[in-house]
>>> print(open('protein-v4.txt').read())   # compact mmCIF, C-alpha atoms
# COMPACT_ATOMS: atom_id res chain seq x y z
CA MET A 282 2.75 5.39 -13.05
CA ASN A 283 3.51 3.97 -16.48
CA LEU A 284 2.89 0.84 -18.47
CA ALA A 285 6.45 -0.42 -18.06
CA LEU A 286 5.95 -1.05 -14.36
CA ARG A 287 5.41 -4.58 -13.07
CA LEU A 288 2.65 -5.49 -10.66
CA GLU A 289 2.74 -8.00 -7.86
CA PRO A 290 0.82 -8.65 -4.64
CA LEU A 291 2.31 -7.48 -1.39
CA PRO A 292 3.27 -10.22 1.07
CA GLY A 293 0.37 -11.17 3.28
CA VAL A 294 -2.30 -10.61 0.65
CA VAL A 295 -3.86 -13.85 -0.50
CA GLY A 296 -6.17 -14.26 -3.45
CA GLN A 297 -8.29 -17.01 -4.92
CA VAL A 298 -10.04 -16.94 -8.29
CA ILE A 299 -13.44 -18.60 -8.37
CA GLU A 300 -15.58 -18.81 -11.48
CA GLY A 301 -13.98 -15.75 -12.99
CA GLU A 302 -14.03 -13.54 -9.88
CA ALA A 303 -11.31 -13.12 -7.30
CA VAL A 304 -11.51 -13.09 -3.51
CA LEU A 305 -8.66 -11.13 -1.93
CA VAL A 306 -7.88 -11.44 1.77
CA TRP A 307 -5.81 -8.89 3.70
CA PRO A 308 -5.48 -10.61 7.08
CA GLU A 309 -3.45 -7.92 8.77
CA ARG A 310 -6.07 -5.34 7.89
CA GLY A 311 -9.02 -7.65 8.41
CA GLU A 312 -10.34 -6.95 4.92
CA VAL A 313 -11.83 -9.17 2.27
CA LYS A 314 -12.62 -7.96 -1.22
CA VAL A 315 -14.18 -9.46 -4.35
CA LEU A 316 -12.86 -8.43 -7.78
CA ASN A 317 -15.05 -8.60 -10.86
CA PRO A 318 -13.85 -10.73 -13.79
CA VAL A 319 -11.67 -8.03 -15.30
CA GLY A 320 -10.13 -7.24 -11.92
CA ALA A 321 -9.65 -10.93 -11.28
CA ARG A 322 -7.85 -11.33 -14.60
CA ILE A 323 -5.55 -8.45 -13.78
CA TRP A 324 -4.91 -10.04 -10.39
CA GLN A 325 -3.99 -13.34 -12.06
CA LEU A 326 -1.43 -11.50 -14.20
CA ALA A 327 0.02 -9.55 -11.25
CA ASP A 328 2.99 -11.86 -10.81
CA GLY A 329 5.90 -9.46 -10.87
CA HIS A 330 6.78 -10.51 -14.42
CA HIS A 331 4.04 -8.99 -16.54
CA THR A 332 4.23 -5.25 -17.08
CA LEU A 333 1.11 -3.14 -16.92
CA GLY A 334 1.42 -2.88 -20.66
CA ASP A 335 1.43 -6.67 -20.99
CA ILE A 336 -1.63 -6.87 -18.78
CA ALA A 337 -3.42 -4.20 -20.77
CA ALA A 338 -2.70 -6.14 -23.97
CA VAL A 339 -4.27 -9.26 -22.49
CA ILE A 340 -7.34 -7.34 -21.33
CA CYS A 341 -7.62 -5.75 -24.75
CA ALA A 342 -7.54 -9.13 -26.46
CA GLU A 343 -9.78 -11.03 -24.05
CA TYR A 344 -12.44 -8.38 -23.51
CA ALA A 345 -12.51 -6.74 -26.96
CA VAL A 346 -11.61 -3.37 -25.51
CA GLU A 347 -9.77 -0.63 -27.35
CA PRO A 348 -6.06 -0.59 -26.41
CA ALA A 349 -6.17 2.96 -25.07
CA GLN A 350 -9.15 2.10 -22.86
CA ALA A 351 -7.53 -1.10 -21.62
CA GLN A 352 -4.33 0.75 -20.76
CA ALA A 353 -6.19 3.50 -18.92
CA ASP A 354 -8.28 0.98 -16.97
CA VAL A 355 -5.25 -1.11 -16.01
CA LEU A 356 -3.32 1.96 -14.88
CA ASP A 357 -6.27 3.16 -12.79
CA PHE A 358 -6.84 -0.26 -11.28
CA ALA A 359 -3.17 -0.76 -10.46
CA ALA A 360 -3.02 2.65 -8.85
CA GLU A 361 -6.07 1.85 -6.75
CA LEU A 362 -4.66 -1.48 -5.59
CA GLU A 363 -1.36 0.18 -4.73
CA ARG A 364 -3.14 2.92 -2.78
CA LYS A 365 -4.99 0.25 -0.80
CA GLY A 366 -1.78 -1.56 0.05
CA VAL A 367 -2.59 -4.67 -1.93
CA VAL A 368 0.14 -4.59 -4.58
CA ARG A 369 3.47 -3.03 -5.27
CA LEU A 370 4.70 -1.61 -8.54
CA SER A 371 8.29 -1.98 -9.61
CA PRO A 372 10.37 -1.17 -12.69
CA MET B 191 6.58 -26.20 36.76
CA ASP B 192 3.48 -26.75 38.87
CA ARG B 193 0.58 -24.77 37.62
CA LEU B 194 -0.87 -22.42 40.17
CA THR B 195 -4.55 -23.17 40.17
CA ILE B 196 -7.50 -23.42 42.48
CA SER B 197 -8.95 -26.05 40.26
CA PRO B 198 -8.81 -26.12 36.51
CA CYS B 199 -11.79 -25.17 34.48
CA GLY B 200 -12.21 -25.83 30.82
CA LEU B 201 -14.59 -26.62 28.08
CA GLU B 202 -15.21 -29.13 25.40
CA ILE B 203 -17.10 -28.64 22.16
CA ALA B 204 -17.34 -31.31 19.47
CA GLY B 205 -14.27 -33.04 20.81
CA LEU B 206 -12.24 -29.85 21.08
CA SER B 207 -11.03 -29.90 24.64
CA LEU B 208 -9.37 -26.99 26.37
CA ALA B 209 -8.30 -26.47 29.99
CA VAL B 210 -7.82 -23.16 31.76
CA HIS B 211 -5.57 -22.82 34.77
CA THR B 212 -5.62 -19.71 36.91
CA TYR B 213 -4.92 -18.70 40.46
CA ASP B 214 -7.55 -15.98 40.32
CA ARG B 215 -10.74 -17.16 41.97
CA ARG B 216 -12.90 -14.60 40.22
CA VAL B 217 -11.71 -15.71 36.80
CA GLN B 218 -11.91 -19.37 37.69
CA ARG B 219 -15.47 -19.08 38.98
CA GLY B 220 -16.56 -16.76 36.20
CA LEU B 221 -15.30 -18.99 33.41
CA ALA B 222 -16.54 -22.14 35.11
CA GLU B 223 -20.01 -20.60 35.25
CA ARG B 224 -19.92 -19.54 31.59
CA TYR B 225 -18.69 -22.91 30.40
CA ARG B 226 -20.74 -25.10 32.75
CA LEU B 227 -22.80 -26.57 29.88
CA PHE B 228 -19.63 -27.56 28.01
CA PRO B 229 -17.70 -29.55 30.61
CA LEU B 230 -14.23 -30.81 29.90
CA ARG B 231 -14.45 -34.59 29.70
CA HIS B 232 -11.27 -35.60 27.95
CA THR B 233 -7.59 -34.81 28.03
CA PRO B 234 -7.27 -31.20 26.92
CA ARG B 235 -5.66 -30.58 23.59
CA LEU B 236 -4.84 -27.05 24.60
CA THR B 237 -4.03 -25.72 28.07
CA LEU B 238 -4.19 -22.04 28.88
CA ASP B 239 -2.57 -20.42 31.91
CA ILE B 240 -4.04 -17.08 32.94
CA PHE B 241 -2.22 -14.87 35.42
CA CYS B 242 -4.06 -11.90 36.84
CA VAL B 243 -1.49 -9.29 37.73
CA GLY B 244 -3.44 -6.10 38.29
CA ARG B 245 -6.32 -3.89 37.27
CA TRP B 246 -4.84 -1.76 34.49
CA ARG B 247 -7.38 -2.38 31.70
CA ALA B 248 -10.49 -0.38 32.47
CA SER B 249 -12.63 -2.17 29.87
CA ALA B 250 -12.71 -5.53 28.16
CA LEU B 251 -13.36 -3.67 24.91
CA LEU B 252 -9.85 -2.25 24.75
CA ASP B 253 -7.57 -3.44 21.98
CA THR B 254 -5.64 -6.58 22.87
CA GLY B 255 -2.79 -6.00 20.45
CA MET B 256 -3.56 -9.26 18.67
CA ALA B 257 -1.05 -10.33 16.03
CA PHE B 258 0.48 -13.47 14.61
CA ASP B 259 4.07 -14.61 14.78
CA ASP B 260 4.80 -17.67 12.67
CA GLY B 261 1.51 -19.31 13.53
CA ARG B 262 1.46 -18.27 17.17
CA LEU B 263 -1.22 -15.85 18.22
CA VAL B 264 0.31 -13.15 20.38
CA PHE B 265 -1.18 -10.36 22.46
CA THR B 266 0.93 -7.32 23.22
CA ALA B 267 -1.36 -4.64 24.63
CA PRO B 268 -0.73 -3.07 28.05
CA GLY B 269 -2.42 -5.31 30.58
CA TYR B 270 -3.03 -8.02 28.00
CA SER B 271 0.10 -9.93 27.16
CA GLY B 272 0.39 -13.51 26.09
CA TYR B 273 0.16 -16.07 23.37
CA VAL B 274 -1.65 -19.13 22.09
CA ASP B 275 0.43 -21.81 20.43
CA VAL B 276 -1.91 -24.49 19.16
CA ALA B 277 0.93 -26.58 17.75
CA ARG B 278 2.43 -26.90 21.22
CA GLY B 279 -0.94 -27.16 22.93
CA GLN B 280 -0.38 -24.23 25.25
CA GLY B 281 -1.06 -20.60 25.86
CA GLU B 282 -0.45 -17.99 28.51
CA LEU B 283 -1.98 -14.66 29.36
CA ALA B 284 -0.77 -12.05 31.82
CA LEU B 285 -3.89 -10.01 32.47
CA SER B 286 -4.30 -6.73 34.27
CA SER B 287 -7.97 -5.84 34.12
CA VAL B 288 -10.96 -4.60 36.09
CA GLN B 289 -13.06 -7.02 34.03
CA PRO B 290 -10.86 -10.09 34.15
CA VAL B 291 -13.59 -12.64 33.41
CA ASP B 292 -14.60 -10.94 30.17
CA ASP B 293 -10.97 -10.47 29.18
CA ALA B 294 -10.12 -14.05 30.02
CA ASP B 295 -13.15 -15.29 28.09
CA TYR B 296 -11.97 -13.39 25.01
CA PHE B 297 -8.61 -15.15 25.31
CA VAL B 298 -10.37 -18.50 25.47
CA ARG B 299 -12.53 -17.66 22.45
CA CYS B 300 -9.45 -16.85 20.41
CA ALA B 301 -7.84 -20.10 21.49
CA VAL B 302 -10.95 -22.09 20.54
CA ALA B 303 -11.02 -20.43 17.12
CA LEU B 304 -7.46 -21.52 16.43
CA LEU B 305 -7.91 -24.98 17.91
CA ALA B 306 -11.04 -25.53 15.84
CA PHE B 307 -9.27 -24.50 12.66
CA ALA B 308 -6.26 -26.68 13.39
CA SER B 309 -8.62 -29.61 13.96
CA GLY B 310 -10.57 -29.27 10.73
CA GLY B 311 -13.45 -27.09 11.89
CA LEU B 312 -14.25 -23.39 11.86
CA LEU B 313 -15.60 -20.93 14.40
CA LEU B 314 -17.97 -18.46 12.73
CA HIS B 315 -19.55 -15.17 13.68
CA ALA B 316 -23.05 -16.48 13.30
CA ALA B 317 -26.27 -17.04 15.14
CA GLY B 318 -27.05 -20.74 14.98
CA ILE B 319 -30.71 -21.70 15.12
CA VAL B 320 -32.09 -25.20 14.88
CA ARG B 321 -35.33 -25.60 12.98
CA HIS B 322 -36.88 -28.85 11.80
CA SER B 323 -33.75 -30.58 13.18
CA TYR B 324 -31.36 -28.63 10.99
CA ALA B 325 -29.12 -25.72 11.87
CA TYR B 326 -29.34 -22.43 10.04
CA LEU B 327 -26.35 -20.16 10.49
CA PHE B 328 -27.03 -16.44 10.23
CA LEU B 329 -23.76 -14.70 9.43
CA GLY B 330 -22.84 -11.17 10.28
CA HIS B 331 -20.70 -8.88 12.39
CA SER B 332 -21.88 -6.85 15.34
CA GLY B 333 -25.03 -4.97 14.54
CA SER B 334 -26.03 -7.13 11.60
CA GLY B 335 -29.00 -8.59 13.45
CA LYS B 336 -27.80 -11.96 14.69
CA THR B 337 -29.19 -11.51 18.19
CA THR B 338 -32.41 -10.09 16.76
CA VAL B 339 -32.85 -13.12 14.54
CA ALA B 340 -32.17 -15.39 17.50
CA ARG B 341 -34.75 -13.62 19.64
CA LEU B 342 -37.32 -13.71 16.86
CA SER B 343 -36.88 -17.44 16.40
CA ALA B 344 -38.23 -18.55 19.75
CA PRO B 345 -39.08 -21.26 20.67
CA ALA B 346 -36.53 -22.75 18.27
CA LEU B 347 -33.30 -23.99 19.80
CA VAL B 348 -30.67 -21.27 19.66
CA LEU B 349 -27.20 -22.75 19.58
CA ASN B 350 -25.70 -19.30 20.02
CA ASP B 351 -26.39 -15.76 18.90
CA ASP B 352 -22.80 -14.80 18.10
CA LEU B 353 -20.30 -17.65 17.68
CA VAL B 354 -21.04 -21.10 16.33
CA LEU B 355 -18.65 -23.93 15.61
CA LEU B 356 -18.83 -25.72 12.29
CA TRP B 357 -17.47 -29.23 12.64
CA PRO B 358 -17.07 -32.01 10.07
CA ALA B 359 -18.37 -35.44 11.05
CA GLU B 360 -20.16 -38.31 9.37
CA ASP B 361 -19.52 -36.80 5.93
CA ARG B 362 -21.37 -33.59 6.68
CA TRP B 363 -20.93 -30.32 8.53
CA TRP B 364 -22.49 -29.90 11.93
CA ALA B 365 -23.20 -26.67 13.76
CA TYR B 366 -22.35 -26.75 17.44
CA ALA B 367 -23.36 -24.43 20.24
CA THR B 368 -20.62 -22.56 22.04
CA PRO B 369 -20.68 -20.70 25.35
CA PHE B 370 -19.50 -17.50 23.63
CA GLY B 371 -22.66 -15.48 23.17
CA ASN B 372 -24.02 -12.09 23.99
CA PRO B 373 -25.25 -12.17 27.57
CA SER B 374 -29.01 -11.91 27.57
CA PRO B 375 -31.71 -13.20 29.90
CA GLU B 376 -33.89 -13.79 26.86
CA LEU B 377 -31.51 -16.20 25.17
CA VAL B 378 -30.57 -19.32 27.03
CA THR B 379 -27.51 -21.13 25.81
CA VAL B 380 -27.91 -24.85 25.46
CA ALA B 381 -25.20 -27.23 24.44
CA GLY B 382 -26.50 -28.81 21.27
CA HIS B 383 -25.70 -29.45 17.67
CA ALA B 384 -27.42 -30.18 14.40
CA PRO B 385 -26.50 -30.71 10.76
CA ALA B 386 -25.84 -27.39 9.03
CA ARG B 387 -28.57 -26.69 6.48
CA ALA B 388 -27.64 -23.24 5.20
CA LEU B 389 -25.44 -20.20 5.72
CA LEU B 390 -27.44 -16.99 5.57
CA SER B 391 -25.67 -13.62 5.47
CA LEU B 392 -27.90 -11.07 7.11
CA VAL B 393 -28.97 -7.94 5.24
CA GLN B 394 -31.29 -5.56 7.05
CA ASP B 395 -33.81 -4.43 4.46
CA ARG B 396 -37.38 -3.32 3.81
CA GLU B 397 -38.30 -6.58 2.19
CA VAL B 398 -37.85 -10.22 2.92
CA ARG B 399 -36.13 -12.34 0.31
CA LEU B 400 -33.37 -14.80 -0.25
CA GLU B 401 -30.62 -13.89 -2.67
CA LYS B 402 -28.15 -16.40 -4.10
CA PRO B 403 -24.83 -14.60 -4.52
CA GLY B 404 -22.04 -15.91 -6.66
CA PRO B 405 -19.41 -18.23 -5.23
CA ALA B 406 -16.79 -15.49 -4.84
CA LEU B 407 -19.07 -13.31 -2.77
CA ALA B 408 -20.20 -16.28 -0.70
CA LEU B 409 -16.58 -17.15 0.00
CA ALA B 410 -15.73 -13.55 0.88
CA GLU B 411 -18.63 -13.30 3.31
CA MET B 412 -17.70 -16.52 4.98
CA VAL B 413 -14.02 -15.61 5.32
CA GLY B 414 -15.00 -12.22 6.69
CA ASN B 415 -16.98 -13.91 9.45
CA ALA B 416 -14.27 -16.30 10.58
CA PRO B 417 -12.80 -14.57 13.63
CA VAL B 418 -9.14 -14.75 14.61
CA VAL B 419 -8.09 -17.15 11.85
CA SER B 420 -8.87 -14.52 9.21
CA ALA B 421 -6.32 -12.22 10.85
CA ASP B 422 -3.38 -14.58 10.26
CA PRO B 423 -1.59 -14.15 6.91
CA GLY B 424 -0.08 -17.58 7.39
CA ARG B 425 -3.49 -19.23 7.54
CA ALA B 426 -5.21 -17.19 4.83
CA ALA B 427 -4.80 -19.69 2.01
CA ALA B 428 -5.91 -22.57 4.21
CA LEU B 429 -8.88 -20.53 5.42
CA LEU B 430 -9.99 -19.91 1.86
CA GLY B 431 -9.74 -23.64 1.24
CA ARG B 432 -11.66 -24.53 4.39
CA CYS B 433 -14.46 -22.10 3.58
CA GLN B 434 -14.69 -23.41 0.02
CA GLN B 435 -14.91 -26.92 1.39
CA ILE B 436 -17.80 -25.91 3.62
CA LEU B 437 -19.57 -24.02 0.86
CA GLN B 438 -19.46 -27.09 -1.35
CA ALA B 439 -21.59 -28.89 1.24
CA VAL B 440 -23.61 -26.11 2.87
CA PRO B 441 -25.41 -23.61 0.60
CA HIS B 442 -24.97 -19.89 1.18
CA TYR B 443 -27.56 -17.16 0.68
CA ARG B 444 -28.04 -13.53 1.53
CA LEU B 445 -31.14 -13.11 3.65
CA HIS B 446 -32.82 -9.74 3.36
CA PHE B 447 -35.02 -9.43 6.40
CA LEU B 448 -37.31 -7.22 8.44
CA PRO B 449 -37.21 -6.99 12.25
CA ASP B 450 -39.83 -9.69 12.58
CA ASP B 451 -40.03 -13.46 12.11
CA SER B 452 -41.32 -13.33 8.53
CA PHE B 453 -37.95 -14.46 7.26
CA TRP B 454 -38.69 -17.99 8.43
CA ARG B 455 -41.55 -18.35 5.93
CA ILE B 456 -39.18 -17.42 3.12
CA VAL B 457 -36.46 -19.72 4.41
CA ASP B 458 -38.88 -22.63 4.81
CA ASP B 459 -40.50 -22.06 1.42
CA GLU B 460 -37.35 -21.60 -0.58
CA LEU B 461 -34.97 -23.95 1.18
CA GLY B 462 -37.53 -26.59 1.94
CA ALA B 463 -36.48 -30.02 3.18
CA ALA B 464 -32.77 -30.63 3.47
CA PRO B 465 -31.21 -33.29 1.21
CA GLY B 466 -30.71 -36.44 3.26
CA ALA B 467 -32.16 -36.92 6.68
CA PRO B 468 -29.81 -36.79 9.65
CA ALA B 469 -28.89 -40.07 11.24
CA GLY B 470 -29.54 -38.51 14.62
CA SER B 471 -28.48 -35.35 16.39
CA SER B 472 -28.10 -34.87 20.11
CA GLY B 473 -29.64 -31.74 21.40
CA ALA B 474 -31.21 -30.75 18.10
CA GLY B 475 -34.58 -29.24 18.57
CA ASP B 476 -37.39 -27.58 16.74
>>> encode(input="protein-v4.txt", output="structure tokens")
Amino acid sequence: MNLALRLEPLPGVVGQVIEGEAVLVWPERGEVKVLNPVGARIWQLADGHHTLGDIAAVICAEYAVEPAQAQADVLDFAAELERKGVVRLSP
Amino acid sequence: MDRLTISPCGLEIAGLSLAVHTYDRRVQRGLAERYRLFPLRHTPRLTLDIFCVGRWRASALLDTGMAFDDGRLVFTAPGYSGYVDVARGQGELALSSVQPVDDADYFVRCAVALLAFASGGLLLHAAGIVRHSYAYLFLGHSGSGKTTVARLSAPALVLNDDLVLLWPAEDRWWAYATPFGNPSPELVTVAGHAPARALLSLVQDREVRLEKPGPALALAEMVGNAPVVSADPGRAAALLGRCQQILQAVPHYRLHFLPDDSFWRIVDDELGAAPGAPAGSSGAGD
């Protein structure tokens, strides 16, 4: 896991951002999840083009978080989403 | 091909018409009894053929192998094989079960869920209760308290204690009874409908209160209680849109409740009179 990886949703996972939060639907697993505003912002940037480093930079700027903290949080969050089968990480 | 049938049975809810053809007398009689309050009056929009081929499935609670294939609902479990294709208006089930009526009813429920969605409505896991001529929908999965809430609401009209149809008409959303409830001598299903007043997600608690969650949580709870449709990746985006559309017209709350009828005082006090009186609702009661 490193900041150069790109993040994108797996096929079949659908998300919708509403008033700063995100609702994610995994139909094949019958799961629905709500992401808080930071998670929702990361989800919006998970398009297969932004690297985790890019995403961390956005979080750092928009939430006034120290870069090291933003990077650590983004890495942890990406790892969690990957573990849950929501996203895939690619070089 | 001529359909093998004793006589077709079917049901109709809010204009959603569905016919069931089967050569199995037990299934035909069982479904006809369950759906007797929802008679088929118009040309069916969906026709289901059910073939009973044995007694392999020992319980109607066994997995049905439900999945989606390009919009078609398919079942692939041993003793439960078939499909529902709403676009083509047809479905088939080859059933091998010792409880064929329950298994066939489940097939019909799935078909109704898809037909409702394709037609602009939504089937919800909810107890629907009519009070002061408006329908309150209590959302929740098994064990959340839907049947308890229904029992505690007597003598109010209970549309259903498990599955209610939300249907758009006359610029508002209406809650319709369905025949798909939890069998109970205490709860009598009546075919009725009323304008939807509120969606209330049930939370078993030690206090009684209404909580107004944010729009994302409301949407998530609604999507999570939309059976069958929520399992199709191909319909997920449209389901989110449909639920948002409903939530724009029907407010959502979390209802923290005790196992008594005290929640109605909170609901009445905090929700009060609904905006706009209904023009008239058949079967709505108090």
>>> residues_around(input="protein-v4.txt", residues="range 301-311 of chain A", least_positions_apart="3", cutoff="7 Å", atoms="all atoms listed in the file", output="MDAnalysis selection string")
(chainID A and resid 293:298 314:318 321) or (chainID B and resid 406 410 420:423 426)
>>> interface_residues(input="protein-v4.txt", of="chain B", to="chain A", cutoff="12 Å", atoms="all atoms listed in the file", output="MDAnalysis selection string")
chainID B and resid 255:259 403:431 433:434
>>> closest_residue(input="protein-v4.txt", among="B:Glu397, B:Asp351, B:Asp260, B:Glu223", to="His315 in chain B", atoms="only C-alpha atoms")
B:Asp351
>>> atom_distance(input="protein-v4.txt", atom1="CA of Ala351 in chain A", atom2="CA of Gly320 in chain A")
11.8 Å
>>> residues_around(input="protein-v4.txt", residues="Gly366 in chain A", least_positions_apart="3", cutoff="10 Å", atoms="only C-alpha atoms", output="PyMOL selection string")
chain A and resi 290-291+294+307+310+360-363+369
>>> residues_near_point(input="protein-v4.txt", point="(-9.9, -5.1, -20.2)", cutoff="6 Å", atoms="only C-alpha atoms", output="list in words")
Val319, Ile340, Cys341, Tyr344, Val346 and Ala351 of chain A
>>> axis_aligned_box(input="protein-v4.txt", around="range 263-280 of chain B", padding_each_side="5 Å", output="lines of an AutoDock Vina configuration file")
center_x = -0.3
center_y = -15.1
center_z = 24.2
size_x = 15.5
size_y = 34.1
size_z = 22.8
>>> residues_around(input="protein-v4.txt", residues="range 272-281 of chain B", least_positions_apart="4", cutoff="10 Å", atoms="all atoms listed in the file", output="ChimeraX atom specification")
/B:208-210,234-241,254-267,285,297-298,300-302,304-309
>>> closest_residue(input="protein-v4.txt", among="B:Leu342, B:Leu437, B:Leu227, B:Ala325", to="Ala386 in chain B", atoms="all atoms listed in the file")
B:Ala325
>>> atom_distance(input="protein-v4.txt", atom1="CA of Asp352 in chain B", atom2="CA of Leu314 in chain B")
8.1 Å
>>> atom_distance(input="protein-v4.txt", atom1="CA of Gly371 in chain B", atom2="CA of Arg341 in chain B")
12.7 Å
>>> closest_residue(input="protein-v4.txt", among="A:Val339, A:Leu370, A:Val355, A:Leu333", to="Leu284 in chain A", atoms="all atoms listed in the file")
A:Leu333
